[in-house]
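Enquirer: Pasting target-v9.cif here (mmCIF, C-alpha atoms):
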data_work
#
loop_
_atom_site.label_atom_id
_atom_site.label_comp_id
_atom_site.auth_asym_id
_atom_site.auth_seq_id
_atom_site.Cartn_x
_atom_site.Cartn_y
_atom_site.Cartn_z
CA PRO V 9 145.97 156.78 81.01
CA SER V 10 143.82 154.92 83.49
CA PRO V 11 145.30 154.26 86.95
CA LEU V 12 146.67 150.83 87.69
CA PRO V 13 144.02 148.48 89.11
CA PHE V 14 144.01 147.21 92.68
CA LEU V 15 146.19 150.04 93.99
CA LEU V 16 145.28 151.65 97.28
CA TYR V 17 144.10 155.25 97.17
CA GLU V 18 143.59 155.01 93.38
CA ASN V 19 140.38 155.10 91.38
CA GLU V 20 139.00 152.17 89.46
CA THR V 21 136.76 152.73 86.44
CA TYR V 22 133.68 150.60 85.90
CA GLU V 23 131.21 150.86 83.04
CA TYR V 24 127.48 150.62 83.68
CA CYS V 25 124.48 150.84 81.42
CA ILE V 26 122.00 153.25 82.97
CA VAL V 27 118.53 154.45 82.05
CA LEU V 28 118.17 158.18 81.38
CA PRO V 29 116.33 159.95 82.83
CA PRO V 30 117.01 157.86 85.96
CA LYS V 31 114.06 156.05 87.52
CA VAL V 32 114.15 157.11 91.17
CA ASN V 33 110.64 157.18 92.65
CA SER V 34 108.02 154.57 91.88
CA ALA V 35 104.26 154.87 92.03
CA GLY V 36 104.16 152.15 94.69
CA ILE V 37 103.21 148.48 94.57
CA TRP V 38 99.99 149.43 92.76
CA GLU V 39 101.94 150.49 89.70
CA ASN V 40 101.68 146.92 88.46
CA GLU V 41 99.27 144.84 90.56
CA THR V 42 100.14 141.60 88.79
CA SER V 43 103.87 142.09 89.43
CA PRO V 44 104.47 144.35 92.49
CA SER V 45 108.22 143.67 92.35
CA VAL V 46 108.41 146.14 89.44
CA ILE V 47 109.07 148.82 92.07
CA PHE V 48 112.61 147.43 92.38
CA ASN V 49 113.34 148.82 88.94
CA TYR V 50 113.43 152.22 90.68
CA SER V 51 116.55 153.13 92.63
CA LEU V 52 114.92 154.52 95.81
CA PRO V 53 112.64 151.54 96.60
CA LEU V 54 115.50 149.20 95.73
CA LEU V 55 117.83 151.01 98.12
CA GLU V 56 115.21 151.03 100.87
CA MET V 57 114.70 147.27 100.55
CA GLN V 58 118.47 146.66 100.56
CA VAL V 59 118.86 148.78 103.70
CA VAL V 60 115.95 147.09 105.51
CA LEU V 61 117.21 143.62 104.64
CA THR V 62 120.75 144.53 105.72
CA PHE V 63 119.65 145.95 109.07
CA VAL V 64 117.23 143.12 109.89
CA ILE V 65 119.83 140.41 109.27
CA THR V 66 122.57 142.39 111.05
CA HIS V 67 120.56 142.94 114.23
CA VAL V 68 119.17 139.41 114.31
CA ILE V 69 122.74 138.10 114.21
CA TYR V 70 123.89 140.69 116.76
CA THR V 71 121.05 139.75 119.14
CA ILE V 72 122.09 136.09 118.94
CA LEU V 73 125.86 136.66 119.24
CA ARG V 74 125.91 139.60 121.69
CA PRO V 75 125.87 137.35 124.81
CA LEU V 76 129.07 135.74 123.48
CA GLY V 77 130.82 139.13 123.40
CA ILE V 78 130.65 139.52 119.60
CA THR V 79 130.68 143.19 118.58
CA LEU V 80 128.28 144.94 116.22
CA PHE V 81 131.06 145.34 113.63
CA ALA V 82 131.62 141.56 113.58
CA SER V 83 127.85 141.02 113.32
CA GLN V 84 127.75 143.31 110.29
CA MET V 85 130.47 141.20 108.67
CA PHE V 86 128.56 138.01 109.48
CA ALA V 87 125.47 139.59 107.91
CA GLY V 88 127.35 140.14 104.65
CA ILE V 89 128.71 136.59 104.76
CA THR V 90 125.17 135.30 105.40
CA LEU V 91 123.73 137.32 102.53
CA SER V 92 126.42 136.10 100.12
CA PRO V 93 124.87 132.64 99.55
CA MET V 94 121.33 133.98 99.99
CA ILE V 95 121.59 136.22 96.91
CA LYS V 96 121.89 133.11 94.78
CA LEU V 97 118.17 132.65 95.41
CA GLN V 98 116.07 134.41 92.80
CA ALA V 99 114.04 136.41 95.35
CA PHE V 100 117.14 137.98 96.94
CA ARG V 101 119.11 138.21 93.72
CA SER V 102 116.52 140.53 92.19
CA ILE V 103 117.04 142.90 95.14
CA PHE V 104 120.84 143.03 95.22
CA PHE V 105 121.58 142.38 91.55
CA ASN V 106 118.91 144.21 89.60
CA LYS V 107 119.61 143.88 85.87
CA GLU V 108 119.41 147.66 85.38
CA LEU V 109 120.65 149.04 88.69
CA SER V 110 122.90 146.14 89.74
CA ILE V 111 124.61 146.74 93.10
CA GLU V 112 125.88 150.25 92.40
CA VAL V 113 122.98 151.85 94.31
CA ILE V 114 124.00 150.47 97.70
CA ASP V 115 127.66 150.79 96.68
CA THR V 116 127.29 154.51 96.06
CA VAL V 117 125.57 155.06 99.40
CA SER V 118 128.14 153.01 101.31
CA MET V 119 131.08 154.77 99.64
CA PHE V 120 129.51 158.15 100.39
CA GLY V 121 129.18 157.15 104.05
CA PHE V 122 132.72 155.81 104.22
CA ALA V 123 134.09 159.07 102.81
CA LEU V 124 132.25 160.95 105.59
CA PHE V 125 133.61 158.46 108.13
CA LEU V 126 137.19 159.14 107.01
CA PHE V 127 136.47 162.88 107.12
CA LEU V 128 135.40 162.58 110.77
CA THR V 129 138.45 160.40 111.43
CA GLY V 130 140.62 163.26 110.18
CA VAL V 131 138.68 165.69 112.40
CA LYS V 132 139.38 163.52 115.45
CA MET V 133 143.06 163.15 114.64
CA ASP V 134 145.08 165.83 116.42
CA MET V 135 147.89 166.72 114.00
CA LYS V 136 149.72 168.63 116.74
CA LEU V 137 149.75 165.43 118.79
CA ALA V 138 151.09 163.48 115.82
CA LEU V 139 153.81 166.08 115.21
CA ARG V 140 154.74 166.23 118.91
CA THR V 141 155.14 162.48 119.24
CA THR V 142 157.97 161.10 121.32
CA LYS V 143 160.82 159.04 119.94
CA ARG V 144 159.15 156.01 121.51
CA SER V 145 155.90 156.34 119.56
CA VAL V 146 157.69 157.27 116.32
CA GLY V 147 159.97 154.24 116.65
CA ILE V 148 157.11 151.86 117.40
CA GLY V 149 154.93 153.26 114.60
CA VAL V 150 157.63 153.10 111.93
CA VAL V 151 159.23 149.78 112.99
CA SER V 152 155.87 147.97 113.24
CA LEU V 153 155.04 149.20 109.73
CA LEU V 154 158.37 148.29 108.13
CA SER V 155 158.70 144.91 109.87
CA SER V 156 155.33 143.73 108.53
CA ILE V 157 156.16 144.93 105.02
CA LEU V 158 159.58 143.28 105.01
CA VAL V 159 158.26 139.96 106.34
CA GLY V 160 155.34 140.02 103.89
CA ALA V 161 157.64 140.83 100.96
CA ALA V 162 160.02 138.02 101.98
CA ILE V 163 157.16 135.50 102.15
CA ASN V 164 155.79 136.66 98.78
CA GLU V 165 159.24 136.25 97.22
CA THR V 166 159.71 132.81 98.78
CA PHE V 167 156.37 131.47 97.51
CA LYS V 168 156.58 133.20 94.13
CA GLN V 169 155.62 130.99 91.20
CA PRO V 170 157.22 131.31 87.73
CA ASN V 171 153.84 131.56 85.98
CA GLU V 172 152.28 133.93 88.51
CA THR V 173 149.85 136.42 86.97
CA GLU V 174 150.11 140.16 87.48
CA GLN V 175 146.78 140.18 89.32
CA VAL V 176 148.03 137.65 91.89
CA LYS V 177 151.20 139.71 92.43
CA THR V 178 149.14 142.88 92.94
CA GLU V 179 146.70 141.17 95.31
CA ARG V 180 149.57 139.88 97.44
CA LEU V 181 151.17 143.33 97.47
CA ILE V 182 147.90 144.81 98.70
CA GLY V 183 147.65 142.04 101.31
CA THR V 184 151.10 143.00 102.58
CA VAL V 185 150.19 146.69 102.86
CA ILE V 186 146.88 145.89 104.59
CA GLU V 187 148.63 143.72 107.16
CA ALA V 188 151.21 146.46 107.77
CA LEU V 189 148.62 149.25 108.03
CA THR V 190 147.92 150.65 111.49
CA SER V 191 144.73 152.68 111.22
CA PHE V 192 144.25 155.58 113.62
CA SER V 193 140.45 155.36 113.42
CA VAL V 194 140.40 151.61 114.11
CA ILE V 195 142.75 151.98 117.10
CA ALA V 196 140.79 154.96 118.48
CA CYS V 197 137.45 153.10 118.23
CA LEU V 198 138.93 150.01 119.90
CA LEU V 199 140.47 152.01 122.75
CA ALA V 200 137.19 153.87 123.31
CA GLU V 201 135.29 150.56 123.37
CA LEU V 202 137.77 149.12 125.89
CA LYS V 203 137.56 152.36 127.95
CA ILE V 204 141.35 152.81 127.98
CA LEU V 205 141.54 155.83 125.68
CA ASN V 206 143.01 158.17 128.32
CA THR V 207 145.44 155.71 129.90
CA GLU V 208 149.19 155.70 129.22
CA LEU V 209 148.73 152.65 126.99
CA GLY V 210 145.91 154.37 125.11
CA ARG V 211 147.86 157.58 124.51
CA LEU V 212 150.91 155.64 123.30
CA ALA V 213 148.73 153.55 120.98
CA LEU V 214 147.05 156.67 119.54
CA THR V 215 150.30 158.50 118.83
CA SER V 216 151.94 155.38 117.38
CA ALA V 217 148.85 154.72 115.23
CA ALA V 218 148.89 158.32 113.96
CA VAL V 219 152.55 157.95 112.95
CA GLY V 220 151.88 154.56 111.34
CA ASP V 221 148.79 155.78 109.49
CA LEU V 222 150.49 158.83 108.00
CA SER V 223 153.62 156.80 107.17
CA THR V 224 151.53 154.18 105.38
CA MET V 225 149.73 156.84 103.36
CA PHE V 226 153.04 158.37 102.32
CA LEU V 227 154.58 154.99 101.50
CA VAL V 228 151.60 153.83 99.42
CA HIS V 229 151.61 157.04 97.40
CA VAL V 230 155.35 156.68 96.73
CA MET V 231 154.82 153.09 95.58
CA SER V 232 151.90 154.11 93.37
CA LEU V 233 153.76 157.01 91.78
CA SER V 234 156.93 154.96 91.24
CA ARG V 235 154.96 152.26 89.41
CA ASN V 236 153.32 154.86 87.18
CA PHE V 237 156.55 156.80 86.61
CA THR V 238 158.01 154.28 84.16
CA ALA V 239 154.85 154.37 82.03
CA SER V 240 154.18 158.11 82.11
CA PRO V 241 156.60 160.41 83.98
CA TRP V 242 154.64 163.55 83.08
CA LEU V 243 151.46 162.06 84.50
CA VAL V 244 153.23 161.42 87.80
CA ILE V 245 154.65 164.97 87.88
CA GLU V 246 151.19 166.35 87.12
CA ARG V 247 149.63 164.32 89.96
CA VAL V 248 152.31 165.40 92.43
CA VAL V 249 151.87 169.08 91.51
CA ILE V 250 148.07 168.86 91.77
CA MET V 251 148.26 167.11 95.14
CA PHE V 252 150.77 169.67 96.41
CA CYS V 253 148.48 172.54 95.34
CA PHE V 254 145.49 170.79 96.92
CA ILE V 255 147.27 170.36 100.27
CA THR V 256 148.52 173.97 100.10
CA LEU V 257 144.94 175.15 99.52
CA ILE V 258 143.72 173.17 102.52
CA ILE V 259 146.45 174.45 104.85
CA PHE V 260 146.59 178.10 103.84
CA VAL V 261 142.99 178.81 102.79
CA PHE V 262 140.50 176.40 104.34
CA ARG V 263 142.17 176.02 107.73
CA PRO V 264 142.43 179.80 108.36
CA LEU V 265 138.78 180.11 107.31
CA MET V 266 137.81 177.54 109.94
CA TYR V 267 139.74 179.45 112.60
CA TRP V 268 137.82 182.54 111.46
CA VAL V 269 134.58 180.60 112.04
CA ILE V 270 135.78 179.65 115.52
CA LYS V 271 136.53 183.31 116.36
CA ARG V 272 133.01 184.29 115.26
CA THR V 273 131.46 181.65 117.52
CA PRO V 274 130.65 182.92 121.05
CA ASP V 275 132.47 181.22 123.93
CA GLY V 276 130.45 178.19 124.94
CA GLY V 277 127.91 178.84 122.17
CA PRO V 278 126.97 176.54 119.27
CA VAL V 279 128.51 176.89 115.83
CA ALA V 280 126.09 178.39 113.32
CA GLU V 281 124.39 175.80 111.12
CA VAL V 282 125.51 177.57 107.96
CA TYR V 283 129.17 176.96 108.91
CA ILE V 284 128.50 173.29 109.70
CA THR V 285 126.77 172.84 106.35
CA ALA V 286 129.51 174.71 104.49
CA THR V 287 132.22 172.57 106.11
CA MET V 288 130.47 169.33 105.09
CA MET V 289 129.96 170.61 101.56
CA VAL V 290 133.65 171.49 101.25
CA ALA V 291 134.57 168.02 102.55
CA LEU V 292 132.45 166.43 99.83
CA GLY V 293 133.90 168.88 97.31
CA CYS V 294 137.43 167.78 98.26
CA ALA V 295 136.41 164.15 97.75
CA VAL V 296 135.01 164.98 94.30
CA PHE V 297 138.16 166.94 93.41
CA THR V 298 140.56 164.09 94.25
CA HIS V 299 138.29 161.72 92.32
CA TRP V 300 138.47 164.09 89.35
CA THR V 301 142.28 164.00 89.55
CA ASP V 302 142.27 160.18 89.33
CA ARG V 303 142.87 159.71 93.04
CA SER V 304 140.52 158.06 95.48
CA PRO V 305 137.76 160.38 96.78
CA LEU V 306 138.49 159.02 100.26
CA ILE V 307 141.88 160.72 100.42
CA GLY V 308 140.38 164.16 99.71
CA ALA V 309 137.82 163.89 102.49
CA PHE V 310 140.43 162.58 104.94
CA LEU V 311 142.98 165.33 104.20
CA PHE V 312 140.35 168.02 104.63
CA GLY V 313 139.33 166.41 107.92
CA LEU V 314 142.93 166.72 109.12
CA ALA V 315 142.74 170.48 108.49
CA VAL V 316 139.65 170.95 110.69
CA PRO V 317 140.72 172.15 114.18
CA ASP V 318 139.93 169.32 116.58
CA GLY V 319 137.96 169.86 119.77
CA PRO V 320 135.36 172.54 120.48
CA PRO V 321 133.68 174.32 118.98
CA LEU V 322 133.89 173.28 115.30
CA GLY V 323 135.44 169.81 115.49
CA SER V 324 133.25 168.72 118.39
CA ALA V 325 130.12 170.08 116.69
CA LEU V 326 130.82 168.08 113.53
CA ILE V 327 131.40 164.88 115.51
CA ASP V 328 128.33 165.39 117.71
CA LYS V 329 126.07 166.02 114.74
CA PHE V 330 127.23 163.36 112.31
CA GLU V 331 129.16 160.59 114.08
CA CYS V 332 126.17 158.63 115.40
CA PHE V 333 124.31 158.71 112.08
CA ILE V 334 127.37 157.80 110.01
CA ASN V 335 128.51 154.97 112.30
CA ALA V 336 125.05 153.50 112.82
CA PHE V 337 123.65 153.86 109.30
CA PHE V 338 126.30 154.30 106.62
CA LEU V 339 129.01 152.08 108.11
CA SER V 340 126.56 149.23 108.69
CA ILE V 341 125.68 149.34 105.01
CA TYR V 342 129.33 149.65 104.01
CA VAL V 343 130.56 146.67 106.05
CA THR V 344 127.72 144.41 104.91
CA ALA V 345 128.06 145.43 101.26
CA SER V 346 131.83 144.84 101.38
CA THR V 347 131.65 141.37 102.93
CA LEU V 348 128.76 140.51 100.60
CA ARG V 349 131.35 140.14 97.82
CA ALA V 350 133.41 137.58 99.72
CA ASN V 351 133.63 134.38 97.70
CA PHE V 352 134.84 131.76 100.15
CA GLY V 353 134.38 129.01 97.56
CA ASN V 354 137.18 130.46 95.43
CA MET V 355 139.31 131.18 98.49
CA LEU V 356 139.12 127.61 99.77
CA SER V 357 139.13 125.79 96.42
CA ASP V 358 142.93 125.70 96.11
CA PRO V 359 144.72 124.12 99.14
CA SER V 360 148.01 125.77 98.19
CA HIS V 361 146.39 129.21 98.44
CA VAL V 362 144.89 128.32 101.82
CA LYS V 363 148.31 127.25 103.14
CA PHE V 364 150.00 130.35 101.74
CA PHE V 365 147.52 132.84 103.19
CA THR V 366 147.39 131.06 106.55
CA PHE V 367 151.19 131.23 106.83
CA PHE V 368 151.33 134.75 105.38
CA PHE V 369 148.77 136.32 107.72
CA SER V 370 150.18 134.51 110.76
CA MET V 371 153.75 135.69 110.12
CA THR V 372 152.82 139.29 109.24
CA PHE V 373 150.64 139.44 112.36
CA LEU V 374 153.58 138.30 114.50
CA ALA V 375 155.87 140.73 112.64
CA LYS V 376 153.70 143.58 113.88
CA LEU V 377 152.89 142.17 117.32
CA ILE V 378 156.44 141.36 118.44
CA PRO V 379 158.10 144.77 117.67
CA CYS V 380 155.20 146.57 119.39
CA CYS V 381 155.56 144.37 122.48
CA ILE V 382 159.34 144.71 122.60
CA GLY V 383 159.27 148.47 121.96
CA SER V 384 156.81 149.15 124.77
CA PHE V 385 158.48 146.67 127.15
CA LEU V 386 161.89 148.32 126.66
CA ASN V 387 160.26 151.62 127.65
CA PHE V 388 159.44 150.31 131.12
CA MET V 389 155.90 149.13 130.42
CA PRO V 390 154.87 145.94 132.30
CA PHE V 391 154.87 142.79 130.18
CA ARG V 392 151.10 142.35 130.44
CA ASP V 393 150.49 145.91 129.28
CA SER V 394 153.08 145.46 126.52
CA LEU V 395 151.24 142.39 125.24
CA ALA V 396 147.92 144.27 125.34
CA PHE V 397 149.55 147.19 123.49
CA GLY V 398 150.87 144.84 120.80
CA LEU V 399 147.45 143.27 120.32
CA VAL V 400 145.79 146.69 120.09
CA MET V 401 148.31 147.87 117.49
CA SER V 402 147.80 144.65 115.47
CA SER V 403 144.00 144.94 115.39
CA LYS V 404 142.16 145.34 112.08
CA GLY V 405 138.88 147.05 111.33
CA ILE V 406 136.78 148.82 108.75
CA VAL V 407 139.69 150.67 107.13
CA GLN V 408 141.42 147.39 106.27
CA LEU V 409 138.08 146.01 105.04
CA SER V 410 137.80 148.90 102.61
CA HIS V 411 140.84 147.66 100.68
#
Mind turning the file's structure into structure tokens?
Expert:
Amino acid sequence: PSPLPFLLYENETYEYCIVLPPKVNSAGIWENETSPSVIFNYSLPLLEMQVVLTFVITHVIYTILRPLGITLFASQMFAGITLSPMIKLQAFRSIFFNKELSIEVIDTVSMFGFALFLFLTGVKMDMKLALRTTKRSVGIGVVSLLSSILVGAAINETFKQPNETEQVKTERLIGTVIEALTSFSVIACLLAELKILNTELGRLALTSAAVGDLSTMFLVHVMSLSRNFTASPWLVIERVVIMFCFITLIIFVFRPLMYWVIKRTPDGGPVAEVYITATMMVALGCAVFTHWTDRSPLIGAFLFGLAVPDGPPLGSALIDKFECFINAFFLSIYVTASTLRANFGNMLSDPSHVKFFTFFFSMTFLAKLIPCCIGSFLNFMPFRDSLAFGLVMSSKGIVQLSH
């Protein structure tokens, strides 16, 4: 059976009508001199125009807002919000909503880039650090996660309507999990941008975020499997066994192979290109495998990234080679394409929904902020640093946007 819709780390199935063989390369604007826009019936020119339009609007907005302290990530979101009403115009609509290619071209590229981003996030995450966390970081990570979930669940139950549809219930459940999620990659990027990565506050935030991120992943999978268990127990058992075998393969086969690569690399020398290429191909293969098993391809790439030994030579080589390209190119497309779908007209059309979400997001934000502040303050951190720590732990970024 198909996985339940709107569940994190699950697949969703969409049906598209495609032309076979696929039309990739055009003959240029001279293919049809009376109607040069025919080139947008080919996937490569269409993608190139989408990318150019996305980058031009993003950097125009960033140039205007940069003096105000607005980050590039926020500018990418504003670009998607700006493009959302623009695509109603026929000229832009033909670019982003081609009748044959639709939006899946830029979607495929952005999802590919986001999978690589999560792979590099796993490479950066030091599992030994996460496993050697202190009681303080474990307590803060777990309590901040559970407090947000409990407060969100209480608010959802309080505002529950008798005729509430299943889709509304699922969307609110996802909203609760997103508000509770503490993403390691988001926290690490924020700390690096603030230049406090190696401070006591930064180290505590990283370890707490690692605990929270792994706890959230475990909790979401338990929730997903429990919901599917009543419908098909054997399907759940099959998924658990497959995931267990996959993780075993990563730990006992791929990780030793990467240590073998490290031993073959001379001290201070570069890692051979063939090993870099092979590692990236295996990462993509893991993403394809988890997709084939009806799980999200993102989880396969992330788990394989966790198995890559962090630091030099292999982990550092992967980050040096791919991080700049992925962050600057793929993530810009991903953020803009994600916010492009935002329909603020529907969001603001019902005043009761506006009141609910305003109250919901405010209370879940405080439910995460307050435990983080109290936990760090009780461990002899100054109040100002405790408040900064709470705000860092409550920050949201591209991982939350992906849901």
Enquirer: Ranking V:Ser191, V:Ser360, V:Ser240, V:Ser370 by minimum distance to V:Thr224 and counting all atoms listed in the file, which one comes first?
Expert: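 Among the listed residues, V:Ser191 lies closest to V:Thr224.
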Enquirer: Evaluate the PyMOL selection byres ((chain V and resi 409) around 9) here and jot the selected residues down as a ChimeraX atom specification.
Expert: /V:186,343,346-347,404-408,410-411
Enquirer: Could you write those residues out with C-alpha atoms, as a PDB file, in the frame of the given file?
Expert:
ATOM      1  CA  ILE V 186     146.880 145.890 104.590  1.00  0.00           C
ATOM      2  CA  VAL V 343     130.560 146.670 106.050  1.00  0.00           C
ATOM      3  CA  SER V 346     131.830 144.840 101.380  1.00  0.00           C
ATOM      4  CA  THR V 347     131.650 141.370 102.930  1.00  0.00           C
ATOM      5  CA  LYS V 404     142.160 145.340 112.080  1.00  0.00           C
ATOM      6  CA  GLY V 405     138.880 147.050 111.330  1.00  0.00           C
ATOM      7  CA  ILE V 406     136.780 148.820 108.750  1.00  0.00           C
ATOM      8  CA  VAL V 407     139.690 150.670 107.130  1.00  0.00           C
ATOM      9  CA  GLN V 408     141.420 147.390 106.270  1.00  0.00           C
ATOM     10  CA  SER V 410     137.800 148.900 102.610  1.00  0.00           C
ATOM     11  CA  HIS V 411     140.840 147.660 100.680  1.00  0.00           C
TER      12      HIS V 411
END
Enquirer: Nearest residue to V:Thr184 out of V:Ser403, V:Thr207, V:Ser156, V:Thr344, using only C-alpha atoms?
Expert: V:Ser156
Enquirer: Report as a VMD selection string the residues that result from applying the PyMOL selection byres ((chain V and resi 266) around 10) to the structure here.
Expert: chain V and resid 261 to 265 267 to 272 283 287 315 to 317 322 to 323
Enquirer: Report as a ChimeraX atom specification all protein, DNA and RNA residues lying within 10 Å of V:Phe337, evaluated on all atoms listed in the file, omitting residues in the same chain fewer than 4 positions from it.
Expert: /V:59,63,118,121,331-333,341-342
Enquirer: In Å, with one decimal, what is the gap from atom CA of V:Cys380 to atom CA of V:Leu306?
Expert: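 If I compute the distance from atom CA of V:Cys380 to atom CA of V:Leu306, I get 28.3 Å.
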Enquirer: Work out how far apart atom CA of V:Pro241 and atom CA of V:Thr178 are and give it in Å to one decimal.
Expert: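 Between atom CA of V:Pro241 and atom CA of V:Thr178 the gap works out to 21.1 Å.
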Enquirer: Written as a PyMOL selection string, what is the full residue list that the PyMOL selection byres ((chain V and resi 180) around 12) yields on the file shown?
Expert: chain V and resi 14-15+157+160-165+167-168+172-179+181-187+361+364-365+368-369
Enquirer: For the residues in the current selection, export C-alpha atoms as an mmCIF file, in the coordinates of the input.
Expert:
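Produced file part.cif, reproduced below:
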data_model
loop_
_atom_site.group_PDB
_atom_site.id
_atom_site.type_symbol
_atom_site.label_atom_id
_atom_site.label_comp_id
_atom_site.auth_asym_id
_atom_site.auth_seq_id
_atom_site.Cartn_x
_atom_site.Cartn_y
_atom_site.Cartn_z
ATOM 1 C CA PHE V 14 144.010 147.210 92.680
ATOM 2 C CA LEU V 15 146.190 150.040 93.990
ATOM 3 C CA ILE V 157 156.160 144.930 105.020
ATOM 4 C CA GLY V 160 155.340 140.020 103.890
ATOM 5 C CA ALA V 161 157.640 140.830 100.960
ATOM 6 C CA ALA V 162 160.020 138.020 101.980
ATOM 7 C CA ILE V 163 157.160 135.500 102.150
ATOM 8 C CA ASN V 164 155.790 136.660 98.780
ATOM 9 C CA GLU V 165 159.240 136.250 97.220
ATOM 10 C CA PHE V 167 156.370 131.470 97.510
ATOM 11 C CA LYS V 168 156.580 133.200 94.130
ATOM 12 C CA GLU V 172 152.280 133.930 88.510
ATOM 13 C CA THR V 173 149.850 136.420 86.970
ATOM 14 C CA GLU V 174 150.110 140.160 87.480
ATOM 15 C CA GLN V 175 146.780 140.180 89.320
ATOM 16 C CA VAL V 176 148.030 137.650 91.890
ATOM 17 C CA LYS V 177 151.200 139.710 92.430
ATOM 18 C CA THR V 178 149.140 142.880 92.940
ATOM 19 C CA GLU V 179 146.700 141.170 95.310
ATOM 20 C CA LEU V 181 151.170 143.330 97.470
ATOM 21 C CA ILE V 182 147.900 144.810 98.700
ATOM 22 C CA GLY V 183 147.650 142.040 101.310
ATOM 23 C CA THR V 184 151.100 143.000 102.580
ATOM 24 C CA VAL V 185 150.190 146.690 102.860
ATOM 25 C CA ILE V 186 146.880 145.890 104.590
ATOM 26 C CA GLU V 187 148.630 143.720 107.160
ATOM 27 C CA HIS V 361 146.390 129.210 98.440
ATOM 28 C CA PHE V 364 150.000 130.350 101.740
ATOM 29 C CA PHE V 365 147.520 132.840 103.190
ATOM 30 C CA PHE V 368 151.330 134.750 105.380
ATOM 31 C CA PHE V 369 148.770 136.320 107.720
#
Enquirer: At what distance in Å, to one decimal, does atom CA of V:Met251 lie from atom CA of V:Thr298?
Expert: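 Atom-to-atom, atom CA of V:Thr298 to atom CA of V:Met251, that is 8.3 Å.
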Enquirer: Would you list the contacts of V:Gly308 as a list of chain:residue names, taking every protein, DNA or RNA residue within 8 Å and counting only C-alpha atoms, but skipping same-chain residues closer than 6 positions in sequence?
Expert: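 The filter keeps V:Ala291, V:Cys294, V:Ala295, V:Val296, V:Phe297, V:Thr298.
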Enquirer: Please write stretch 121-133 of chain V of the preceding block to a file containing N, CA and C atoms, as a PDB file, in the first residue's frame?
Expert:
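Saved file result10.pdb follows:
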ATOM      1  N   GLY V 121      19.645  18.448  -5.003  1.00  0.00           N
ATOM      2  CA  GLY V 121      20.564  19.283  -4.234  1.00  0.00           C
ATOM      3  C   GLY V 121      20.331  19.194  -2.750  1.00  0.00           C
ATOM      4  N   PHE V 122      19.065  19.104  -2.340  1.00  0.00           N
ATOM      5  CA  PHE V 122      18.770  19.021  -0.908  1.00  0.00           C
ATOM      6  C   PHE V 122      19.231  17.689  -0.325  1.00  0.00           C
ATOM      7  N   ALA V 123      19.138  16.617  -1.111  1.00  0.00           N
ATOM      8  CA  ALA V 123      19.658  15.324  -0.652  1.00  0.00           C
ATOM      9  C   ALA V 123      21.171  15.402  -0.436  1.00  0.00           C
ATOM     10  N   LEU V 124      21.888  16.077  -1.353  1.00  0.00           N
ATOM     11  CA  LEU V 124      23.327  16.250  -1.177  1.00  0.00           C
ATOM     12  C   LEU V 124      23.636  17.128   0.025  1.00  0.00           C
ATOM     13  N   PHE V 125      22.796  18.139   0.271  1.00  0.00           N
ATOM     14  CA  PHE V 125      22.974  19.002   1.434  1.00  0.00           C
ATOM     15  C   PHE V 125      22.849  18.197   2.729  1.00  0.00           C
ATOM     16  N   LEU V 126      21.844  17.337   2.804  1.00  0.00           N
ATOM     17  CA  LEU V 126      21.680  16.514   4.009  1.00  0.00           C
ATOM     18  C   LEU V 126      22.805  15.495   4.139  1.00  0.00           C
ATOM     19  N   PHE V 127      23.334  15.023   3.021  1.00  0.00           N
ATOM     20  CA  PHE V 127      24.496  14.133   3.072  1.00  0.00           C
ATOM     21  C   PHE V 127      25.689  14.853   3.702  1.00  0.00           C
ATOM     22  N   LEU V 128      25.966  16.078   3.258  1.00  0.00           N
ATOM     23  CA  LEU V 128      27.070  16.847   3.835  1.00  0.00           C
ATOM     24  C   LEU V 128      26.790  17.208   5.287  1.00  0.00           C
ATOM     25  N   THR V 129      25.522  17.413   5.635  1.00  0.00           N
ATOM     26  CA  THR V 129      25.174  17.656   7.035  1.00  0.00           C
ATOM     27  C   THR V 129      25.553  16.455   7.891  1.00  0.00           C
ATOM     28  N   GLY V 130      25.263  15.256   7.392  1.00  0.00           N
ATOM     29  CA  GLY V 130      25.662  14.048   8.106  1.00  0.00           C
ATOM     30  C   GLY V 130      27.166  13.911   8.214  1.00  0.00           C
ATOM     31  N   VAL V 131      27.891  14.325   7.158  1.00  0.00           N
ATOM     32  CA  VAL V 131      29.360  14.274   7.189  1.00  0.00           C
ATOM     33  C   VAL V 131      29.897  15.206   8.280  1.00  0.00           C
ATOM     34  N   LYS V 132      29.289  16.378   8.412  1.00  0.00           N
ATOM     35  CA  LYS V 132      29.753  17.345   9.414  1.00  0.00           C
ATOM     36  C   LYS V 132      29.427  16.911  10.834  1.00  0.00           C
ATOM     37  N   MET V 133      28.370  16.131  10.988  1.00  0.00           N
ATOM     38  CA  MET V 133      27.925  15.755  12.328  1.00  0.00           C
ATOM     39  C   MET V 133      28.847  14.685  12.905  1.00  0.00           C
TER      40      MET V 133
END
